[in-house]
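Notes to accompany the following structure.
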Amino acid sequence: MGFTLAPTAASQGFRLEAHDSVGSTNALALEHARAGDPGKLWVVSKKQESGRGRRGRVWATPEGNLAATLLVVTEGDLRMAATLGFVAGLALADALDAVVPKGRIAVALDGAAAGRNRFELKWPNDVLASGAKLSGILLESTLLDGNRFAVAVGIGVNVVAHPQDLPYPATSLKALGATCDAETLFLALSDAWSENARLWADGRGLNAIRQRWLERAAGLGGEVAVRIDGDVVRGIFETIDEDCRFVIRESGGRLITVAAGDVHFGAVASAGAQ
């Protein structure tokens with residue numbers, strides 16, 4: 001089966017450009033924007049040669065994994081467009097719930113379903129399964145003429161393989177015992193994106209997105225350390241605020257709001273997020 005759009009996505013004017021292999025789906029989407037593409041374009045591939053993660057890190061996409069980028073072109077507020085990363089996380093988690101049957105994956109993951117979500121969201125842009133990184137989300141933007149800008153919402157998912165040499169645990173759907181392929185997952189993702197983007201409503205529904213995100217938040221109420229430009233802030237993960245910034249309660253009760261940083265939970269947080 002090849003990549004296809006969900007009927008809901010197609011009916012809403014989304015388009016699809018599918019590849020067997022690309023350099024970077026984000027880079028290709030932004031190239032299209034600079035060439036005049038109006039947006040609502042999904043660029044997808046089962047392999048990337050030069051994928052990127054946050055802060056310039058490498059994101060590996062070997063054959064069979066999913067690299068998907070949605071191109072959004074808008075005249076709105078770029079700061080509000082940045083919250084599309086939360087829409088993406090919710091859409092992917094919804095898609096995973098739809099295509100990964102309960103009772104047919106690793107015991108640790110199915111056991112989590114009794115008390116919490118099987119797929120959790122780690123601020124600002126990861127999807128976790130049993131505490132291990134399953135997916136990363138990267139937003140990149142470029143200015144266009146006419147006071148417009150383009151946002152590439154990149155979503156990478158470890159479907160059949162995951163890296164082994166990382167300073168944090170990672171996993172793949174295959175390692176969890178799921179049989180879903182990249183094409184099936186993307187079909188569900190394009191459907192779930194349409195629903196979550198409708199809820200977001202160009203930012204007017206951000207509070208509803210925030211509430212849904214908190215219901216899936218990894219580490220909420222637990223010990224956390226956030227590395228910010230070389231410094232480490234420790235405390236309890238209190239919430240995300242109305243702008244989706246990370247809020248930590250220090251031991252003395254003071255609240256600290258974080259706009260960007262690397263989050264570490266549990267034992268890593270206790271060790272100082274080294």
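Residue numbers start at 1 in each chain; chains themselves are named A, B, ... in the order of the structure tokens; ligands are numbered from 1 in the order shown.
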Can you tell me, as a ChimeraX atom specification, what residues are no more than 7 Å from segment 81-98 of chain A when counting only C-alpha atoms, ignoring any on the same chain fewer than 3 positions away? /A:77-78,119,121,125,127,137,139,185,188-189,192-193,196-197,209,213
For the structure I just gave you, how does DSSP split segment 128-222 of chain A - specifically, which residues are alpha helix (DSSP H)? Reply as a list in words.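 Residues meeting the alpha helix (DSSP H) criterion: Ala182, Glu183, Thr184, Leu185, Phe186, Leu187, Ala188, Leu189, Ser190, Asp191, Ala192, Trp193, Ser194, Glu195, Asn196, Ala197, Arg198, Leu199, Trp200, Leu206, Asn207, Ala208, Ile209, Arg210, Gln211, Arg212, Trp213, Leu214 and Glu215 of chain A.
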Expected file: the selected residues, N, CA and C atoms, as a PDB file, in the first residue's frame:
```
ATOM      1  N   ALA A 182       4.279   2.387   8.045  1.00  0.00           N
ATOM      2  CA  ALA A 182       4.306   3.847   7.931  1.00  0.00           C
ATOM      3  C   ALA A 182       3.087   4.375   7.180  1.00  0.00           C
ATOM      4  N   GLU A 183       2.666   3.652   6.147  1.00  0.00           N
ATOM      5  CA  GLU A 183       1.531   4.113   5.347  1.00  0.00           C
ATOM      6  C   GLU A 183       0.236   4.118   6.159  1.00  0.00           C
ATOM      7  N   THR A 184       0.018   3.059   6.928  1.00  0.00           N
ATOM      8  CA  THR A 184      -1.191   2.986   7.749  1.00  0.00           C
ATOM      9  C   THR A 184      -1.196   4.071   8.814  1.00  0.00           C
ATOM     10  N   LEU A 185      -0.031   4.299   9.426  1.00  0.00           N
ATOM     11  CA  LEU A 185       0.061   5.335  10.449  1.00  0.00           C
ATOM     12  C   LEU A 185      -0.188   6.710   9.850  1.00  0.00           C
ATOM     13  N   PHE A 186       0.368   6.983   8.680  1.00  0.00           N
ATOM     14  CA  PHE A 186       0.143   8.299   8.079  1.00  0.00           C
ATOM     15  C   PHE A 186      -1.323   8.518   7.727  1.00  0.00           C
ATOM     16  N   LEU A 187      -1.986   7.501   7.226  1.00  0.00           N
ATOM     17  CA  LEU A 187      -3.409   7.632   6.923  1.00  0.00           C
ATOM     18  C   LEU A 187      -4.174   8.095   8.164  1.00  0.00           C
ATOM     19  N   ALA A 188      -3.899   7.457   9.298  1.00  0.00           N
ATOM     20  CA  ALA A 188      -4.564   7.841  10.551  1.00  0.00           C
ATOM     21  C   ALA A 188      -4.115   9.222  11.012  1.00  0.00           C
ATOM     22  N   LEU A 189      -2.848   9.550  10.799  1.00  0.00           N
ATOM     23  CA  LEU A 189      -2.329  10.862  11.198  1.00  0.00           C
ATOM     24  C   LEU A 189      -2.996  11.987  10.420  1.00  0.00           C
ATOM     25  N   SER A 190      -3.161  11.814   9.119  1.00  0.00           N
ATOM     26  CA  SER A 190      -3.786  12.878   8.322  1.00  0.00           C
ATOM     27  C   SER A 190      -5.230  13.100   8.743  1.00  0.00           C
ATOM     28  N   ASP A 191      -5.887  12.046   9.190  1.00  0.00           N
ATOM     29  CA  ASP A 191      -7.252  12.170   9.704  1.00  0.00           C
ATOM     30  C   ASP A 191      -7.254  12.879  11.056  1.00  0.00           C
ATOM     31  N   ALA A 192      -6.376  12.435  11.966  1.00  0.00           N
ATOM     32  CA  ALA A 192      -6.342  13.014  13.313  1.00  0.00           C
ATOM     33  C   ALA A 192      -5.880  14.464  13.283  1.00  0.00           C
ATOM     34  N   TRP A 193      -4.993  14.812  12.352  1.00  0.00           N
ATOM     35  CA  TRP A 193      -4.577  16.210  12.235  1.00  0.00           C
ATOM     36  C   TRP A 193      -5.778  17.094  11.913  1.00  0.00           C
ATOM     37  N   SER A 194      -6.601  16.676  10.985  1.00  0.00           N
ATOM     38  CA  SER A 194      -7.750  17.485  10.588  1.00  0.00           C
ATOM     39  C   SER A 194      -8.634  17.814  11.780  1.00  0.00           C
ATOM     40  N   GLU A 195      -8.873  16.841  12.646  1.00  0.00           N
ATOM     41  CA  GLU A 195      -9.734  17.055  13.805  1.00  0.00           C
ATOM     42  C   GLU A 195      -9.068  17.969  14.833  1.00  0.00           C
ATOM     43  N   ASN A 196      -7.796  17.741  15.128  1.00  0.00           N
ATOM     44  CA  ASN A 196      -7.112  18.567  16.114  1.00  0.00           C
ATOM     45  C   ASN A 196      -6.872  19.990  15.614  1.00  0.00           C
ATOM     46  N   ALA A 197      -6.608  20.138  14.322  1.00  0.00           N
ATOM     47  CA  ALA A 197      -6.455  21.483  13.762  1.00  0.00           C
ATOM     48  C   ALA A 197      -7.777  22.237  13.793  1.00  0.00           C
ATOM     49  N   ARG A 198      -8.882  21.516  13.599  1.00  0.00           N
ATOM     50  CA  ARG A 198     -10.195  22.155  13.711  1.00  0.00           C
ATOM     51  C   ARG A 198     -10.410  22.657  15.137  1.00  0.00           C
ATOM     52  N   LEU A 199      -9.986  21.873  16.115  1.00  0.00           N
ATOM     53  CA  LEU A 199     -10.111  22.291  17.509  1.00  0.00           C
ATOM     54  C   LEU A 199      -9.209  23.488  17.811  1.00  0.00           C
ATOM     55  N   TRP A 200      -8.005  23.490  17.263  1.00  0.00           N
ATOM     56  CA  TRP A 200      -7.049  24.598  17.452  1.00  0.00           C
ATOM     57  C   TRP A 200      -7.580  25.895  16.859  1.00  0.00           C
ATOM     58  N   LEU A 206      -6.764  27.353  21.403  1.00  0.00           N
ATOM     59  CA  LEU A 206      -5.533  26.877  22.035  1.00  0.00           C
ATOM     60  C   LEU A 206      -5.787  26.329  23.434  1.00  0.00           C
ATOM     61  N   ASN A 207      -6.694  26.924  24.185  1.00  0.00           N
ATOM     62  CA  ASN A 207      -6.940  26.421  25.534  1.00  0.00           C
ATOM     63  C   ASN A 207      -7.476  24.995  25.505  1.00  0.00           C
ATOM     64  N   ALA A 208      -8.316  24.679  24.524  1.00  0.00           N
ATOM     65  CA  ALA A 208      -8.831  23.311  24.402  1.00  0.00           C
ATOM     66  C   ALA A 208      -7.695  22.346  24.052  1.00  0.00           C
ATOM     67  N   ILE A 209      -6.782  22.778  23.185  1.00  0.00           N
ATOM     68  CA  ILE A 209      -5.614  21.965  22.851  1.00  0.00           C
ATOM     69  C   ILE A 209      -4.761  21.763  24.099  1.00  0.00           C
ATOM     70  N   ARG A 210      -4.551  22.844  24.845  1.00  0.00           N
ATOM     71  CA  ARG A 210      -3.761  22.767  26.082  1.00  0.00           C
ATOM     72  C   ARG A 210      -4.364  21.753  27.043  1.00  0.00           C
ATOM     73  N   GLN A 211      -5.673  21.775  27.238  1.00  0.00           N
ATOM     74  CA  GLN A 211      -6.319  20.842  28.151  1.00  0.00           C
ATOM     75  C   GLN A 211      -6.165  19.402  27.672  1.00  0.00           C
ATOM     76  N   ARG A 212      -6.341  19.176  26.388  1.00  0.00           N
ATOM     77  CA  ARG A 212      -6.169  17.823  25.843  1.00  0.00           C
ATOM     78  C   ARG A 212      -4.718  17.369  26.008  1.00  0.00           C
ATOM     79  N   TRP A 213      -3.781  18.289  25.784  1.00  0.00           N
ATOM     80  CA  TRP A 213      -2.364  17.942  25.891  1.00  0.00           C
ATOM     81  C   TRP A 213      -2.035  17.538  27.326  1.00  0.00           C
ATOM     82  N   LEU A 214      -2.519  18.281  28.306  1.00  0.00           N
ATOM     83  CA  LEU A 214      -2.240  17.978  29.707  1.00  0.00           C
ATOM     84  C   LEU A 214      -2.773  16.602  30.098  1.00  0.00           C
ATOM     85  N   GLU A 215      -3.866  16.168  29.476  1.00  0.00           N
ATOM     86  CA  GLU A 215      -4.413  14.845  29.770  1.00  0.00           C
ATOM     87  C   GLU A 215      -3.459  13.734  29.338  1.00  0.00           C
TER      88      GLU A 215
END
```
Test item: residues at most 12 Å from Gly252 of chain A, only C-alpha atoms, excluding those fewer than 6 positions along its chain, as a list in words: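 Returned residues: Arg234, Gly235 and Ile236 of chain A.
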File of the preceding selection, N, CA, C and O atoms, as a short mmCIF file (atom, residue, chain, number, x, y, z; two decimals), in the first residue's frame:
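Dumped to result36.cif:
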```cif
data_model
loop_
_atom_site.label_atom_id
_atom_site.label_comp_id
_atom_site.auth_asym_id
_atom_site.auth_seq_id
_atom_site.Cartn_x
_atom_site.Cartn_y
_atom_site.Cartn_z
N ARG A 234 15.38 22.68 38.69
CA ARG A 234 14.76 21.45 39.20
C ARG A 234 13.50 21.79 40.00
O ARG A 234 13.41 22.84 40.63
N GLY A 235 12.57 20.86 39.99
CA GLY A 235 11.36 21.05 40.76
C GLY A 235 10.31 20.03 40.36
O GLY A 235 10.64 18.92 39.93
N ILE A 236 9.04 20.43 40.48
CA ILE A 236 7.91 19.58 40.12
C ILE A 236 7.25 20.15 38.87
O ILE A 236 7.03 21.36 38.76
#
```
Run DSSP on the backbone and give me the residues of segment 74-190 of chain A it puts in strand (DSSP E), as an NGL selection string. :A and (74 or 119-122 or 126-129 or 132-143 or 149-157)
Can you pull out every residue within 9 Å of Leu16 of chain A, counting only C-alpha atoms, but drop anything in the same chain fewer than 3 positions away, and send it as a count of residues only? 9
Excluding Ser135 of chain A and residues on its chain fewer than 2 positions from it, collect all residues at most 8 Å away from it, counting only C-alpha atoms, and give them as number ranges by chain. A: 126-128, 133, 137, 155-158
Export of the given selection (all heavy atoms) as a PDB file, in the first residue's frame:
```pdb
ATOM      1  N   ASP A 126       7.859  15.636  21.987  1.00  0.00           N
ATOM      2  CA  ASP A 126       8.110  14.208  21.822  1.00  0.00           C
ATOM      3  C   ASP A 126       6.852  13.408  22.143  1.00  0.00           C
ATOM      4  O   ASP A 126       6.031  13.833  22.957  1.00  0.00           O
ATOM      5  CB  ASP A 126       9.226  13.718  22.756  1.00  0.00           C
ATOM      6  CG  ASP A 126      10.591  14.274  22.398  1.00  0.00           C
ATOM      7  OD1 ASP A 126      10.754  14.765  21.263  1.00  0.00           O
ATOM      8  OD2 ASP A 126      11.486  14.230  23.259  1.00  0.00           O
ATOM      9  N   VAL A 127       6.740  12.237  21.519  1.00  0.00           N
ATOM     10  CA  VAL A 127       5.718  11.262  21.891  1.00  0.00           C
ATOM     11  C   VAL A 127       6.444  10.057  22.477  1.00  0.00           C
ATOM     12  O   VAL A 127       7.387   9.529  21.879  1.00  0.00           O
ATOM     13  CB  VAL A 127       4.855  10.845  20.686  1.00  0.00           C
ATOM     14  CG1 VAL A 127       3.851   9.774  21.096  1.00  0.00           C
ATOM     15  CG2 VAL A 127       4.123  12.060  20.114  1.00  0.00           C
ATOM     16  N   LEU A 128       6.016   9.632  23.667  1.00  0.00           N
ATOM     17  CA  LEU A 128       6.659   8.544  24.385  1.00  0.00           C
ATOM     18  C   LEU A 128       5.757   7.320  24.453  1.00  0.00           C
ATOM     19  O   LEU A 128       4.529   7.440  24.477  1.00  0.00           O
ATOM     20  CB  LEU A 128       6.994   8.967  25.822  1.00  0.00           C
ATOM     21  CG  LEU A 128       7.788  10.246  26.037  1.00  0.00           C
ATOM     22  CD1 LEU A 128       8.037  10.458  27.531  1.00  0.00           C
ATOM     23  CD2 LEU A 128       9.105  10.229  25.271  1.00  0.00           C
ATOM     24  N   LYS A 133      11.292   7.321  23.888  1.00  0.00           N
ATOM     25  CA  LYS A 133      10.948   8.204  22.775  1.00  0.00           C
ATOM     26  C   LYS A 133      10.569   7.407  21.537  1.00  0.00           C
ATOM     27  O   LYS A 133      11.360   6.624  21.016  1.00  0.00           O
ATOM     28  CB  LYS A 133      12.110   9.149  22.461  1.00  0.00           C
ATOM     29  CG  LYS A 133      11.802  10.174  21.389  1.00  0.00           C
ATOM     30  CD  LYS A 133      12.881  11.241  21.327  1.00  0.00           C
ATOM     31  CE  LYS A 133      12.597  12.271  20.253  1.00  0.00           C
ATOM     32  NZ  LYS A 133      13.553  13.404  20.282  1.00  0.00           N
ATOM     33  N   ILE A 137       8.993  15.838  17.035  1.00  0.00           N
ATOM     34  CA  ILE A 137       8.287  16.826  16.227  1.00  0.00           C
ATOM     35  C   ILE A 137       9.161  18.067  16.125  1.00  0.00           C
ATOM     36  O   ILE A 137       9.687  18.540  17.146  1.00  0.00           O
ATOM     37  CB  ILE A 137       6.920  17.167  16.845  1.00  0.00           C
ATOM     38  CG1 ILE A 137       6.020  15.929  16.824  1.00  0.00           C
ATOM     39  CG2 ILE A 137       6.242  18.337  16.112  1.00  0.00           C
ATOM     40  CD1 ILE A 137       4.797  16.043  17.717  1.00  0.00           C
ATOM     41  N   ILE A 155       7.097  15.634  11.540  1.00  0.00           N
ATOM     42  CA  ILE A 155       6.763  14.563  12.484  1.00  0.00           C
ATOM     43  C   ILE A 155       7.527  13.313  12.058  1.00  0.00           C
ATOM     44  O   ILE A 155       7.301  12.768  10.981  1.00  0.00           O
ATOM     45  CB  ILE A 155       5.253  14.272  12.480  1.00  0.00           C
ATOM     46  CG1 ILE A 155       4.454  15.542  12.810  1.00  0.00           C
ATOM     47  CG2 ILE A 155       4.917  13.145  13.458  1.00  0.00           C
ATOM     48  CD1 ILE A 155       2.957  15.395  12.616  1.00  0.00           C
ATOM     49  N   GLY A 156       8.434  12.875  12.910  1.00  0.00           N
ATOM     50  CA  GLY A 156       9.192  11.654  12.633  1.00  0.00           C
ATOM     51  C   GLY A 156       8.820  10.563  13.612  1.00  0.00           C
ATOM     52  O   GLY A 156       8.794  10.813  14.825  1.00  0.00           O
ATOM     53  N   VAL A 157       8.537   9.376  13.112  1.00  0.00           N
ATOM     54  CA  VAL A 157       8.088   8.271  13.975  1.00  0.00           C
ATOM     55  C   VAL A 157       8.964   7.040  13.735  1.00  0.00           C
ATOM     56  O   VAL A 157       9.191   6.644  12.580  1.00  0.00           O
ATOM     57  CB  VAL A 157       6.610   7.913  13.717  1.00  0.00           C
ATOM     58  CG1 VAL A 157       6.146   6.880  14.739  1.00  0.00           C
ATOM     59  CG2 VAL A 157       5.724   9.152  13.761  1.00  0.00           C
ATOM     60  N   ASN A 158       9.432   6.444  14.820  1.00  0.00           N
ATOM     61  CA  ASN A 158      10.177   5.191  14.740  1.00  0.00           C
ATOM     62  C   ASN A 158       9.179   4.046  14.564  1.00  0.00           C
ATOM     63  O   ASN A 158       8.631   3.542  15.544  1.00  0.00           O
ATOM     64  CB  ASN A 158      10.999   4.970  16.015  1.00  0.00           C
ATOM     65  CG  ASN A 158      12.034   6.055  16.247  1.00  0.00           C
ATOM     66  OD1 ASN A 158      12.570   6.626  15.309  1.00  0.00           O
ATOM     67  ND2 ASN A 158      12.314   6.344  17.510  1.00  0.00           N
TER      68      ASN A 158
END
```
Skip Leu220 of chain A itself and residues of its chain fewer than 5 positions away, then list as number ranges by chain all residues within 12 Å of it, counting only C-alpha atoms. A: 116, 120-123, 213-215, 235-240, 246-249, 263-266
Nearby residues (only C-alpha atoms) at most 12 Å from His32 of chain A, same-chain spacing under 6 positions excluded, as a list of chain:residue names: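 Residues meeting the cut-off are A:Glu17, A:Thr25, A:Asn26, A:Pro38, A:Gly39, A:Lys40, A:Leu41, A:Trp42, A:Val43, A:Thr69, A:Leu70, A:Leu71, A:Val72, A:Val73, A:Thr142, A:Leu144, A:Ala150, A:Val151, A:Ala152.
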Choose the residue, out of A:Asp165, A:Ser251, A:Gly203, A:Gly64, that has the smallest atom-to-atom separation from Thr179 of chain A; count only C-alpha atoms. A:Gly64
Between atom CA of Val233 of chain A and atom CA of Gly131 of chain A, what distance in Å does the model show, to one decimal?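 Interatomic distance here is 21.0 Å.
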Distance of atom CA of Glu75 of chain A from atom CA of Gly136 of chain A, expressed in Å to one decimal place: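 So the answer is 26.2 Å.
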Using only C-alpha atoms, pick whichever of A:Arg118, A:Ala68, A:Thr74, A:Asp262 has the shortest atom-to-atom distance to Val153 of chain A.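 When distances to Val153 of chain A are compared using only C-alpha atoms, the smallest one comes from A:Ala68.
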Between atom CA of Ala225 of chain A and atom CA of Val258 of chain A, what is the distance, to one decimal in Å?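 Here the two named atoms are 11.2 Å from each other.
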Among the residues A:Gly2, A:Gly36, A:Gly222, A:Gly177, the one that comes closest to Ala18 of chain A [using only C-alpha atoms]: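 Using only C-alpha atoms, the shortest distance to Ala18 of chain A belongs to A:Gly2.
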May I ask which of the residues A:Ala218, A:Leu134, A:Leu166, A:Pro124 is the closest one to Ala259 of chain A, counting only C-alpha atoms? A:Pro124
Pick out the closest residue to Ala129 of chain A from this set: A:Leu66, A:Ser141, A:Pro167, A:Ala217. Count only C-alpha atoms.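 For Ala129 of chain A, the nearest of the candidates is A:Ala217.
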